[in-house]
>>> print(open('entry-v4.pdb').read())   # PDB, C-alpha atoms
MODEL        1
ATOM      1  CA  MET A   1     119.716  39.509 111.703
ATOM      2  CA  ASN A   2     118.344  37.510 114.629
ATOM      3  CA  HIS A   3     114.929  35.833 114.813
ATOM      4  CA  VAL A   4     113.223  38.624 116.767
ATOM      5  CA  GLU A   5     114.621  41.407 114.574
ATOM      6  CA  ARG A   6     113.664  39.515 111.412
ATOM      7  CA  PHE A   7     110.090  38.977 112.558
ATOM      8  CA  ALA A   8     109.665  42.605 113.625
ATOM      9  CA  ARG A   9     111.067  43.995 110.389
ATOM     10  CA  LEU A  10     109.029  41.649 108.214
ATOM     11  CA  MET A  11     105.786  42.431 110.043
ATOM     12  CA  ASN A  12     106.569  46.124 109.641
ATOM     13  CA  PHE A  13     106.946  45.548 105.872
ATOM     14  CA  GLU A  14     110.674  46.351 105.996
ATOM     15  CA  SER A  15     113.512  44.560 104.216
ATOM     16  CA  VAL A  16     114.878  41.328 105.715
ATOM     17  CA  ASP A  17     117.766  38.982 104.956
ATOM     18  CA  ARG A  18     115.322  36.075 104.546
ATOM     19  CA  LEU A  19     111.831  35.140 105.645
ATOM     20  CA  PRO A  20     111.354  33.201 108.898
ATOM     21  CA  ILE A  21     111.488  29.422 108.521
ATOM     22  CA  ILE A  22     108.753  28.137 110.793
ATOM     23  CA  GLU A  23     106.055  25.536 111.279
ATOM     24  CA  TRP A  24     103.494  27.556 113.226
ATOM     25  CA  ALA A  25     101.393  24.533 114.243
ATOM     26  CA  GLY A  26     102.481  21.324 115.883
ATOM     27  CA  TRP A  27     102.203  18.073 113.957
ATOM     28  CA  TRP A  28      99.349  15.580 114.036
ATOM     29  CA  HIS A  29     100.140  12.831 116.519
ATOM     30  CA  LEU A  30      99.696  10.317 113.676
ATOM     31  CA  THR A  31     102.313  12.213 111.648
ATOM     32  CA  VAL A  32     104.767  12.070 114.550
ATOM     33  CA  GLN A  33     104.015   8.374 115.047
ATOM     34  CA  ARG A  34     104.828   7.734 111.388
ATOM     35  CA  TRP A  35     108.033   9.758 111.552
ATOM     36  CA  HIS A  36     109.187   7.757 114.570
ATOM     37  CA  THR A  37     109.269   4.735 112.252
ATOM     38  CA  GLU A  38     111.218   6.713 109.635
ATOM     39  CA  GLY A  39     114.116   8.124 111.655
ATOM     40  CA  LEU A  40     112.702  10.757 114.015
ATOM     41  CA  PRO A  41     114.234   9.933 117.422
ATOM     42  CA  ALA A  42     111.684   8.116 119.562
ATOM     43  CA  GLU A  43     112.189  10.478 122.509
ATOM     44  CA  LEU A  44     111.054  13.490 120.470
ATOM     45  CA  GLU A  45     107.350  14.109 121.043
ATOM     46  CA  ASP A  46     107.180  17.798 121.926
ATOM     47  CA  ALA A  47     106.614  20.138 118.964
ATOM     48  CA  ALA A  48     109.345  22.535 120.112
ATOM     49  CA  GLU A  49     111.871  19.693 120.307
ATOM     50  CA  ILE A  50     110.878  18.453 116.847
ATOM     51  CA  ARG A  51     111.218  21.963 115.399
ATOM     52  CA  GLU A  52     114.724  22.222 116.858
ATOM     53  CA  TYR A  53     115.685  18.769 115.547
ATOM     54  CA  LEU A  54     114.493  19.710 112.047
ATOM     55  CA  GLY A  55     116.390  23.007 112.074
ATOM     56  CA  LEU A  56     113.428  25.380 112.045
ATOM     57  CA  ASP A  57     113.700  28.873 113.532
ATOM     58  CA  CYS A  58     113.015  29.021 117.252
ATOM     59  CA  TYR A  59     109.393  30.099 117.743
ATOM     60  CA  ARG A  60     107.507  29.199 120.926
ATOM     61  CA  GLN A  61     103.797  29.521 121.657
ATOM     62  CA  LEU A  62     101.970  29.498 124.978
ATOM     63  CA  TRP A  63      98.184  29.121 125.016
ATOM     64  CA  ILE A  64      96.654  30.456 128.244
ATOM     65  CA  GLY A  65      93.050  29.411 128.650
ATOM     66  CA  ALA A  66      90.436  30.825 131.000
ATOM     67  CA  LYS A  67      89.522  27.677 132.931
ATOM     68  CA  ALA A  68      91.013  26.662 136.269
ATOM     69  CA  PRO A  69      91.867  23.076 137.223
ATOM     70  CA  GLY A  70      88.752  21.166 138.227
ATOM     71  CA  CYS A  71      86.440  22.911 135.768
ATOM     72  CA  PRO A  72      83.664  20.547 134.635
ATOM     73  CA  GLU A  73      84.289  18.866 131.301
ATOM     74  CA  ALA A  74      81.798  18.834 128.447
ATOM     75  CA  PRO A  75      80.197  15.385 128.118
ATOM     76  CA  GLY A  76      81.138  15.116 124.442
ATOM     77  CA  HIS A  77      82.456  16.937 121.377
ATOM     78  CA  GLY A  78      80.418  20.037 120.571
ATOM     79  CA  LEU A  79      78.548  19.909 123.868
ATOM     80  CA  GLY A  80      78.722  22.505 126.613
ATOM     81  CA  ILE A  81      78.824  22.894 130.379
ATOM     82  CA  ILE A  82      76.249  25.697 130.756
ATOM     83  CA  ALA A  83      72.766  26.399 129.422
ATOM     84  CA  ASN A  84      71.842  29.638 131.172
ATOM     85  CA  ALA A  85      72.910  32.342 133.625
ATOM     86  CA  ASP A  86      72.367  30.115 136.656
ATOM     87  CA  ASP A  87      74.716  27.493 135.219
ATOM     88  CA  TYR A  88      77.293  30.188 134.466
ATOM     89  CA  ALA A  89      77.118  31.438 138.062
ATOM     90  CA  ARG A  90      77.624  27.873 139.280
ATOM     91  CA  VAL A  91      80.756  27.185 137.200
ATOM     92  CA  ARG A  92      82.223  30.680 137.258
ATOM     93  CA  HIS A  93      84.515  29.953 140.232
ATOM     94  CA  TYR A  94      86.257  27.446 137.927
ATOM     95  CA  LEU A  95      86.858  30.200 135.352
ATOM     96  CA  TYR A  96      89.255  33.156 135.134
ATOM     97  CA  PRO A  97      91.798  31.957 137.754
ATOM     98  CA  ALA A  98      93.326  34.678 139.905
ATOM     99  CA  SER A  99      96.779  33.525 138.839
ATOM    100  CA  PRO A 100      96.911  32.195 135.268
ATOM    101  CA  THR A 101      98.172  28.636 135.182
ATOM    102  CA  PHE A 102     101.562  28.689 133.465
ATOM    103  CA  ASP A 103     105.112  27.936 134.551
ATOM    104  CA  HIS A 104     106.450  31.356 135.467
ATOM    105  CA  ALA A 105     110.092  30.221 135.661
ATOM    106  CA  SER A 106     109.952  28.741 132.147
ATOM    107  CA  ILE A 107     108.352  31.867 130.715
ATOM    108  CA  ALA A 108     110.973  34.042 132.390
ATOM    109  CA  GLY A 109     113.554  31.905 130.587
ATOM    110  CA  TRP A 110     111.727  32.483 127.319
ATOM    111  CA  GLY A 111     111.857  36.190 128.074
ATOM    112  CA  GLU A 112     115.639  36.088 128.388
ATOM    113  CA  ARG A 113     115.985  34.289 125.058
ATOM    114  CA  GLN A 114     113.509  36.687 123.426
ATOM    115  CA  ARG A 115     115.535  39.675 124.635
ATOM    116  CA  ARG A 116     118.676  38.115 123.141
ATOM    117  CA  GLY A 117     116.880  37.635 119.828
ATOM    118  CA  GLU A 118     117.137  33.841 119.990
ATOM    119  CA  MET A 119     113.425  33.037 120.269
ATOM    120  CA  VAL A 120     110.233  34.557 118.907
ATOM    121  CA  VAL A 121     107.493  34.148 121.507
ATOM    122  CA  TRP A 122     103.800  34.260 120.757
ATOM    123  CA  LEU A 123     100.932  34.151 123.170
ATOM    124  CA  THR A 124      97.472  32.729 122.464
ATOM    125  CA  LEU A 125      94.362  33.858 124.342
ATOM    126  CA  GLU A 126      90.838  32.537 123.919
ATOM    127  CA  GLY A 127      88.612  34.815 121.862
ATOM    128  CA  TYR A 128      85.062  36.075 122.068
ATOM    129  CA  PHE A 129      83.503  33.499 119.747
ATOM    130  CA  TRP A 130      85.676  30.558 120.804
ATOM    131  CA  PHE A 131      85.320  30.787 124.587
ATOM    132  CA  PRO A 132      81.520  31.143 124.883
ATOM    133  CA  ARG A 133      81.127  28.311 122.374
ATOM    134  CA  GLY A 134      83.166  26.089 124.677
ATOM    135  CA  LEU A 135      80.850  26.944 127.566
ATOM    136  CA  PHE A 136      77.512  26.588 125.741
ATOM    137  CA  GLY A 137      78.369  23.954 123.134
ATOM    138  CA  ILE A 138      78.269  24.549 119.397
ATOM    139  CA  THR A 139      74.539  24.757 118.639
ATOM    140  CA  PRO A 140      73.343  26.396 121.907
ATOM    141  CA  HIS A 141      76.064  29.010 121.491
ATOM    142  CA  LEU A 142      74.644  30.109 118.140
ATOM    143  CA  TYR A 143      71.170  30.413 119.662
ATOM    144  CA  ALA A 144      72.584  32.354 122.638
ATOM    145  CA  PHE A 145      73.422  35.348 120.440
ATOM    146  CA  TYR A 146      69.650  35.850 120.148
ATOM    147  CA  ASP A 147      68.180  34.140 123.212
ATOM    148  CA  GLN A 148      70.695  35.140 125.908
ATOM    149  CA  PRO A 149      72.465  38.324 124.771
ATOM    150  CA  GLU A 150      73.014  39.650 128.303
ATOM    151  CA  LEU A 151      74.781  36.459 129.317
ATOM    152  CA  MET A 152      76.909  36.540 126.171
ATOM    153  CA  HIS A 153      78.015  40.078 127.005
ATOM    154  CA  ARG A 154      78.716  39.156 130.615
ATOM    155  CA  ILE A 155      80.898  36.210 129.570
ATOM    156  CA  ASN A 156      82.884  38.282 127.098
ATOM    157  CA  GLN A 157      83.403  41.121 129.568
ATOM    158  CA  ASP A 158      84.612  38.640 132.190
ATOM    159  CA  LEU A 159      86.917  37.118 129.589
ATOM    160  CA  THR A 160      88.282  40.542 128.621
ATOM    161  CA  ASP A 161      89.039  41.427 132.236
ATOM    162  CA  TYR A 162      90.811  38.103 132.656
ATOM    163  CA  ASN A 163      92.794  38.387 129.406
ATOM    164  CA  LEU A 164      94.020  41.835 130.424
ATOM    165  CA  ARG A 165      95.295  40.342 133.702
ATOM    166  CA  VAL A 166      96.992  37.548 131.754
ATOM    167  CA  LEU A 167      98.764  40.102 129.569
ATOM    168  CA  ASP A 168     100.043  41.978 132.606
ATOM    169  CA  GLU A 169     101.362  38.823 134.245
ATOM    170  CA  PHE A 170     102.859  37.261 131.122
ATOM    171  CA  CYS A 171     104.472  40.476 129.873
ATOM    172  CA  SER A 172     106.105  41.079 133.259
ATOM    173  CA  LEU A 173     108.186  37.989 132.441
ATOM    174  CA  CYS A 174     108.334  37.876 128.635
ATOM    175  CA  GLN A 175     107.433  40.257 125.828
ATOM    176  CA  PRO A 176     105.752  38.347 122.964
ATOM    177  CA  SER A 177     106.421  39.453 119.409
ATOM    178  CA  PHE A 178     102.850  38.626 118.456
ATOM    179  CA  MET A 179      99.719  37.054 119.863
ATOM    180  CA  THR A 180      96.701  35.242 118.490
ATOM    181  CA  PHE A 181      93.094  35.097 119.620
ATOM    182  CA  ALA A 182      91.768  31.564 119.187
ATOM    183  CA  GLU A 183      88.455  32.009 117.382
ATOM    184  CA  ASP A 184      87.704  29.510 114.569
ATOM    185  CA  LEU A 185      84.629  31.459 113.553
ATOM    186  CA  SER A 186      84.687  30.503 109.858
ATOM    187  CA  TYR A 187      84.181  27.301 107.937
ATOM    188  CA  ASN A 188      84.908  26.549 104.277
ATOM    189  CA  HIS A 189      82.039  28.738 103.061
ATOM    190  CA  GLY A 190      82.666  31.753 105.264
ATOM    191  CA  PRO A 191      81.738  33.131 108.703
ATOM    192  CA  MET A 192      79.501  31.303 111.157
ATOM    193  CA  LEU A 193      77.951  34.531 112.416
ATOM    194  CA  SER A 194      76.601  37.713 110.874
ATOM    195  CA  LYS A 195      78.413  41.022 110.821
ATOM    196  CA  SER A 196      75.764  42.495 113.122
ATOM    197  CA  CYS A 197      76.467  39.763 115.702
ATOM    198  CA  PHE A 198      80.212  40.274 115.285
ATOM    199  CA  ASP A 199      79.838  44.019 115.785
ATOM    200  CA  GLU A 200      77.628  43.638 118.850
ATOM    201  CA  PHE A 201      79.228  40.718 120.662
ATOM    202  CA  LEU A 202      82.904  40.645 119.618
ATOM    203  CA  THR A 203      84.075  44.064 118.428
ATOM    204  CA  PRO A 204      83.525  45.912 121.751
ATOM    205  CA  TYR A 205      85.781  43.465 123.588
ATOM    206  CA  TYR A 206      88.520  43.461 120.956
ATOM    207  CA  ARG A 207      88.490  47.245 121.180
ATOM    208  CA  GLN A 208      88.995  47.072 124.934
ATOM    209  CA  ILE A 209      92.006  44.788 124.802
ATOM    210  CA  ILE A 210      93.775  45.483 121.504
ATOM    211  CA  PRO A 211      95.036  48.986 122.445
ATOM    212  CA  ASP A 212      96.779  47.410 125.452
ATOM    213  CA  ILE A 213      98.339  44.758 123.178
ATOM    214  CA  VAL A 214      99.521  47.289 120.595
ATOM    215  CA  ASP A 215     100.888  49.639 123.279
ATOM    216  CA  ARG A 216     103.131  46.777 124.399
ATOM    217  CA  GLY A 217     104.530  46.413 120.872
ATOM    218  CA  ILE A 218     102.753  43.108 120.237
ATOM    219  CA  VAL A 219     101.142  42.329 116.858
ATOM    220  CA  PRO A 220      97.516  41.199 117.515
ATOM    221  CA  MET A 221      96.329  38.446 115.169
ATOM    222  CA  ILE A 222      93.409  36.049 114.755
ATOM    223  CA  ASP A 223      93.624  32.249 114.528
ATOM    224  CA  SER A 224      90.646  31.039 112.517
ATOM    225  CA  ASP A 225      90.252  28.154 110.126
ATOM    226  CA  GLY A 226      88.013  28.220 107.068
ATOM    227  CA  ASP A 227      87.443  31.004 104.565
ATOM    228  CA  ILE A 228      88.203  34.170 106.506
ATOM    229  CA  THR A 229      88.368  36.404 103.428
ATOM    230  CA  PRO A 230      85.059  38.242 104.013
ATOM    231  CA  LEU A 231      85.859  38.764 107.698
ATOM    232  CA  ILE A 232      89.124  40.659 107.263
ATOM    233  CA  PRO A 233      87.422  44.084 107.090
ATOM    234  CA  TRP A 234      85.538  43.172 110.284
ATOM    235  CA  PHE A 235      88.808  42.264 112.008
ATOM    236  CA  GLU A 236      90.554  45.393 110.768
ATOM    237  CA  ASP A 237      87.734  47.566 112.078
ATOM    238  CA  ALA A 238      88.086  45.900 115.496
ATOM    239  CA  GLY A 239      91.828  46.688 115.539
ATOM    240  CA  LEU A 240      93.343  43.329 114.641
ATOM    241  CA  GLN A 241      96.368  43.313 112.344
ATOM    242  CA  GLY A 242      96.725  39.824 110.894
ATOM    243  CA  ILE A 243      95.625  36.204 110.690
ATOM    244  CA  LEU A 244      96.673  32.569 110.392
ATOM    245  CA  PRO A 245      96.486  29.818 108.997
ATOM    246  CA  LEU A 246      94.827  30.816 105.664
ATOM    247  CA  GLU A 247      93.558  27.431 104.543
ATOM    248  CA  ARG A 248      93.865  26.881 100.815
ATOM    249  CA  MET A 249      91.242  24.104 100.805
ATOM    250  CA  ALA A 250      88.728  26.712 101.991
ATOM    251  CA  GLY A 251      89.523  28.840  98.942
ATOM    252  CA  VAL A 252      91.697  31.429 100.678
ATOM    253  CA  ASP A 253      93.866  33.350  98.188
ATOM    254  CA  VAL A 254      96.673  35.327  99.847
ATOM    255  CA  ALA A 255      97.448  37.271  96.668
ATOM    256  CA  GLN A 256      93.879  38.536  96.591
ATOM    257  CA  ILE A 257      94.017  39.385 100.297
ATOM    258  CA  ARG A 258      97.246  41.319  99.834
ATOM    259  CA  GLN A 259      95.780  43.295  96.944
ATOM    260  CA  ARG A 260      92.734  44.266  98.994
ATOM    261  CA  HIS A 261      94.503  44.687 102.360
ATOM    262  CA  PRO A 262      98.071  45.935 101.755
ATOM    263  CA  ARG A 263      99.088  46.104 105.441
ATOM    264  CA  TRP A 264      97.427  42.904 106.652
ATOM    265  CA  ARG A 265      99.854  40.443 108.290
ATOM    266  CA  MET A 266      99.589  36.768 107.377
ATOM    267  CA  ILE A 267     101.104  33.427 108.427
ATOM    268  CA  GLY A 268     100.448  30.095 106.693
ATOM    269  CA  ALA A 269      98.682  29.560 103.333
ATOM    270  CA  PHE A 270     100.878  26.701 102.014
ATOM    271  CA  ASP A 271      98.449  23.979 100.946
ATOM    272  CA  LYS A 272      99.212  21.002 103.195
ATOM    273  CA  THR A 273      97.477  18.629 100.781
ATOM    274  CA  VAL A 274     100.196  18.971  98.112
ATOM    275  CA  ILE A 275     103.200  18.000 100.251
ATOM    276  CA  HIS A 276     102.798  14.245  99.785
ATOM    277  CA  LYS A 277     102.696  14.726  95.990
ATOM    278  CA  GLY A 278     106.422  15.460  95.837
ATOM    279  CA  GLU A 279     108.903  18.178  94.975
ATOM    280  CA  ALA A 280     107.368  19.433  91.737
ATOM    281  CA  ALA A 281     103.955  19.982  93.353
ATOM    282  CA  MET A 282     105.528  21.684  96.367
ATOM    283  CA  ARG A 283     107.624  23.950  94.180
ATOM    284  CA  ALA A 284     104.537  24.966  92.225
ATOM    285  CA  GLU A 285     102.799  25.852  95.483
ATOM    286  CA  PHE A 286     105.757  27.987  96.606
ATOM    287  CA  GLU A 287     105.734  29.727  93.241
ATOM    288  CA  ARG A 288     102.051  30.541  93.796
ATOM    289  CA  LEU A 289     102.938  32.180  97.105
ATOM    290  CA  LEU A 290     106.196  33.869  96.060
ATOM    291  CA  PRO A 291     104.705  37.176  94.806
ATOM    292  CA  THR A 292     102.928  37.627  98.134
ATOM    293  CA  MET A 293     106.108  36.762 100.056
ATOM    294  CA  ARG A 294     107.842  39.628  98.285
ATOM    295  CA  THR A 295     105.245  42.152  99.472
ATOM    296  CA  GLY A 296     106.293  41.791 103.119
ATOM    297  CA  GLY A 297     104.184  41.098 106.169
ATOM    298  CA  TYR A 298     103.758  37.417 105.260
ATOM    299  CA  ILE A 299     105.405  34.227 106.546
ATOM    300  CA  PRO A 300     104.754  31.103 104.441
ATOM    301  CA  SER A 301     103.979  27.990 106.466
ATOM    302  CA  VAL A 302     101.795  24.896 106.197
ATOM    303  CA  ASP A 303      98.159  26.022 106.394
ATOM    304  CA  HIS A 304      97.488  23.690 109.317
ATOM    305  CA  GLN A 305      99.081  20.600 110.812
ATOM    306  CA  THR A 306     101.119  18.495 108.398
ATOM    307  CA  PRO A 307      99.026  15.365 107.722
ATOM    308  CA  PRO A 308     100.242  11.792 108.241
ATOM    309  CA  ASP A 309     100.389  11.024 104.504
ATOM    310  CA  VAL A 310     103.674  13.003 104.486
ATOM    311  CA  SER A 311     106.783  10.927 105.121
ATOM    312  CA  LEU A 312     109.730  12.333 107.037
ATOM    313  CA  ASP A 313     111.878  12.302 103.890
ATOM    314  CA  THR A 314     109.189  14.184 101.957
ATOM    315  CA  TYR A 315     108.876  16.705 104.759
ATOM    316  CA  ARG A 316     112.625  17.296 104.600
ATOM    317  CA  VAL A 317     112.191  18.133 100.903
ATOM    318  CA  TYR A 318     109.491  20.609 101.907
ATOM    319  CA  LEU A 319     111.889  22.200 104.406
ATOM    320  CA  ARG A 320     114.637  22.451 101.784
ATOM    321  CA  LEU A 321     112.244  24.263  99.469
ATOM    322  CA  LEU A 322     110.988  26.456 102.312
ATOM    323  CA  ARG A 323     114.554  27.587 102.981
ATOM    324  CA  GLU A 324     115.090  28.249  99.284
ATOM    325  CA  TYR A 325     111.942  30.353  98.990
ATOM    326  CA  ALA A 326     112.617  32.111 102.296
ATOM    327  CA  GLU A 327     115.648  33.561 100.477
ATOM    328  CA  LYS A 328     113.773  34.262  97.241
ATOM    329  CA  GLY A 329     110.894  35.905  99.074
ATOM    330  CA  ALA A 330     113.006  38.430 100.971
ATOM    331  CA  ARG A 331     113.145  41.982  99.746
TER     332      ARG A 331
ENDMDL
END
>>> encode(input="entry-v4.pdb", output="structure tokens")
Amino acid sequence: MNHVERFARLMNFESVDRLPIIEWAGWWHLTVQRWHTEGLPAELEDAAEIREYLGLDCYRQLWIGAKAPGCPEAPGHGLGIIANADDYARVRHYLYPASPTFDHASIAGWGERQRRGEMVVWLTLEGYFWFPRGLFGITPHLYAFYDQPELMHRINQDLTDYNLRVLDEFCSLCQPSFMTFAEDLSYNHGPMLSKSCFDEFLTPYYRQIIPDIVDRGIVPMIDSDGDITPLIPWFEDAGLQGILPLERMAGVDVAQIRQRHPRWRMIGAFDKTVIHKGEAAMRAEFERLLPTMRTGGYIPSVDHQTPPDVSLDTYRVYLRLLREYAEKGAR
């Protein structure tokens, strides 16, 4: 069974020979710096190259944003580049480029490998909470739901039109197995917006684009940190089919999610904070996840980037256990 077949069967809740062996996120730069002192070849910096060196399955992600080169930069973390409709009109020619900025020849090569089953490709697009927040800044964005609703709708419609063009262009070269919307709309105590705001400002745009994604045979998923448990019914109603990374430190319980949402796809959930504690702690964490692995539709992976308190030797122990439980978790 090749990588593409295995992913498709697993996400369709069908039997597989083993679960995928992946690290969905790249590594913290401090983690890579540490590993360079512990045997990781100095020339390896790119996450894809490190995955190959470590023997992980071949999964490749491309994130296509909605800003063109030359777009003004926010003056600091959490700050924005617009405050009102006039500002948006001024910067809009830096947004939604006519030709999305990615290397078409490289993606065509990915498409060939995907068709041969050698590489699982996933595409990331910016979502309807994430992108306006980047324009307004964190606090003004939350006020904009109430103070500037027309502008919020205009931004998200423009983003939808652009994302649909991106899908057409990308899929003409390469057919992703799944895609994620970058959102990060939860923190460790739950969602950062109300259901009424979600239904008014996000759901209509998901419902425009998700049928196109599903018609192409792509699994649409959400990428959001924090406790996403209460949001899953909202996502399901909008047409989404899964989520990552399922952060344990935020209280996310994949067994509970599976019980409540039998067909919900999941990636992640392995508590990154236990890896440095050694093999016994890691094995206990895999045992916690094993019943959910056996239900299908779930790929275990670190629930965000592996932190720099994990040595390269310890990470190799984690990978050995991941391979072991990838076999045990198949059905």
>>> atom_distance(input="entry-v4.pdb", atom1="CA of Ala66 in chain A", atom2="CA of Pro140 in chain A")
19.9 Å
>>> closest_residue(input="entry-v4.pdb", among="A:Val310, A:Val4, A:Ile82, A:Leu95", to="Trp28 in chain A", atoms="all atoms listed in the file")
A:Val310
>>> resolve_selection(input="entry-v4.pdb", expression="the PyMOL selection byres ((chain A and resi 131-134) around 9)", output="list in words")
Gly65, Ala66, Ala74, Gly78, Leu79, Gly80, Ile81, Glu126, Gly127, Tyr128, Phe129, Trp130, Leu135, Phe136, Gly137, Ile138, Thr139, Pro140, His141, Leu142, Met152, Ile155, Asn156, Leu159, Ala182 and Glu183 of chain A
>>> resolve_selection(input="entry-v4.pdb", expression="the PyMOL selection byres ((chain A and resi 161) around 12)", output="PyMOL selection string")
chain A and resi 66+95-98+154-160+162-168+205-206+208-209+212
>>> closest_residue(input="entry-v4.pdb", among="A:Cys174, A:Met1, A:Leu30, A:Ala47", to="Val16 in chain A", atoms="all atoms listed in the file")
A:Met1
>>> resolve_selection(input="entry-v4.pdb", expression="the PyMOL selection byres ((chain A and resi 324) around 12)", output="list in words")
Arg18, Leu19, Pro20, Ile21, Met282, Arg283, Phe286, Glu287, Leu290, Pro300, Val317, Tyr318, Leu319, Arg320, Leu321, Leu322, Arg323, Tyr325, Ala326, Glu327, Lys328, Gly329 and Ala330 of chain A
>>> closest_residue(input="entry-v4.pdb", among="A:Thr203, A:Thr292, A:Ser186, A:Ser224", to="His153 in chain A", atoms="only C-alpha atoms")
A:Thr203
>>> closest_residue(input="entry-v4.pdb", among="A:Pro72, A:Pro220, A:Gly278, A:Pro230", to="Arg90 in chain A", atoms="only C-alpha atoms")
A:Pro72
>>> closest_residue(input="entry-v4.pdb", among="A:Glu23, A:Glu169, A:Glu38, A:Asp303", to="Gln61 in chain A", atoms="all atoms listed in the file")
A:Glu23
>>> atom_distance(input="entry-v4.pdb", atom1="CA of Gly242 in chain A", atom2="CA of Met179 in chain A")
9.9 Å
>>> axis_aligned_box(input="entry-v4.pdb", around="range 68-82 of chain A", padding_each_side="6 Å", output="AutoDock Vina command-line options")
--center_x 84.1 --center_y 20.9 --center_z 129.4 --size_x 27.6 --size_y 23.5 --size_z 29.7
>>> atom_distance(input="entry-v4.pdb", atom1="CA of Ala144 in chain A", atom2="CA of Ala83 in chain A")
9.0 Å
>>> residues_around(input="entry-v4.pdb", residues="range 216-218 of chain A", least_positions_apart="4", cutoff="9 Å", atoms="only C-alpha atoms", output="list of chain:residue names")
A:Trp122, A:Cys171, A:Gln175, A:Pro176, A:Ser177, A:Phe178, A:Met179, A:Pro211, A:Asp212
>>> write_last_selection(input="entry-v4.pdb", atoms="C-alpha atoms", output="PDB file, keeping the file's coordinate frame")
ATOM      1  CA  TRP A 122     103.800  34.260 120.757  1.00  0.00           C
ATOM      2  CA  CYS A 171     104.472  40.476 129.873  1.00  0.00           C
ATOM      3  CA  GLN A 175     107.433  40.257 125.828  1.00  0.00           C
ATOM      4  CA  PRO A 176     105.752  38.347 122.964  1.00  0.00           C
ATOM      5  CA  SER A 177     106.421  39.453 119.409  1.00  0.00           C
ATOM      6  CA  PHE A 178     102.850  38.626 118.456  1.00  0.00           C
ATOM      7  CA  MET A 179      99.719  37.054 119.863  1.00  0.00           C
ATOM      8  CA  PRO A 211      95.036  48.986 122.445  1.00  0.00           C
ATOM      9  CA  ASP A 212      96.779  47.410 125.452  1.00  0.00           C
TER      10      ASP A 212
END
>>> closest_residue(input="entry-v4.pdb", among="A:Asp147, A:Asp103, A:Asp17, A:Asp184", to="Ile64 in chain A", atoms="only C-alpha atoms")
A:Asp103
>>> residues_around(input="entry-v4.pdb", residues="Cys71 in chain A", least_positions_apart="6", cutoff="9 Å", atoms="only C-alpha atoms", output="VMD selection string")
chain A and resid 91 to 95
>>> build_atoms(input="entry-v4.pdb", residues="range 172-183 of chain A", atoms="N, CA and C atoms", output="short mmCIF file (atom, residue, chain, number, x, y, z; two decimals), in the frame of the given file")
data_model
loop_
_atom_site.label_atom_id
_atom_site.label_comp_id
_atom_site.auth_asym_id
_atom_site.auth_seq_id
_atom_site.Cartn_x
_atom_site.Cartn_y
_atom_site.Cartn_z
N SER A 172 105.14 40.75 132.21
CA SER A 172 106.10 41.08 133.26
C SER A 172 107.30 40.14 133.22
N LEU A 173 107.13 38.99 132.54
CA LEU A 173 108.19 37.99 132.44
C LEU A 173 108.76 37.88 131.04
N CYS A 174 107.93 38.12 130.02
CA CYS A 174 108.33 37.88 128.64
C CYS A 174 107.48 38.74 127.72
N GLN A 175 108.12 39.37 126.76
CA GLN A 175 107.43 40.26 125.83
C GLN A 175 107.20 39.52 124.51
N PRO A 176 105.98 39.06 124.23
CA PRO A 176 105.75 38.35 122.96
C PRO A 176 105.95 39.27 121.77
N SER A 177 106.37 38.69 120.65
CA SER A 177 106.42 39.45 119.41
C SER A 177 105.04 39.60 118.78
N PHE A 178 104.21 38.55 118.95
CA PHE A 178 102.85 38.63 118.46
C PHE A 178 101.96 37.75 119.31
N MET A 179 100.67 37.91 119.15
CA MET A 179 99.72 37.05 119.86
C MET A 179 98.56 36.72 118.93
N THR A 180 97.88 35.63 119.25
CA THR A 180 96.70 35.24 118.49
C THR A 180 95.52 35.06 119.44
N PHE A 181 94.34 35.46 118.97
CA PHE A 181 93.09 35.10 119.62
C PHE A 181 92.58 33.83 118.95
N ALA A 182 92.38 32.78 119.72
CA ALA A 182 91.77 31.56 119.19
C ALA A 182 90.29 31.84 118.95
N GLU A 183 89.84 31.69 117.71
CA GLU A 183 88.46 32.01 117.38
C GLU A 183 87.76 30.92 116.57
#
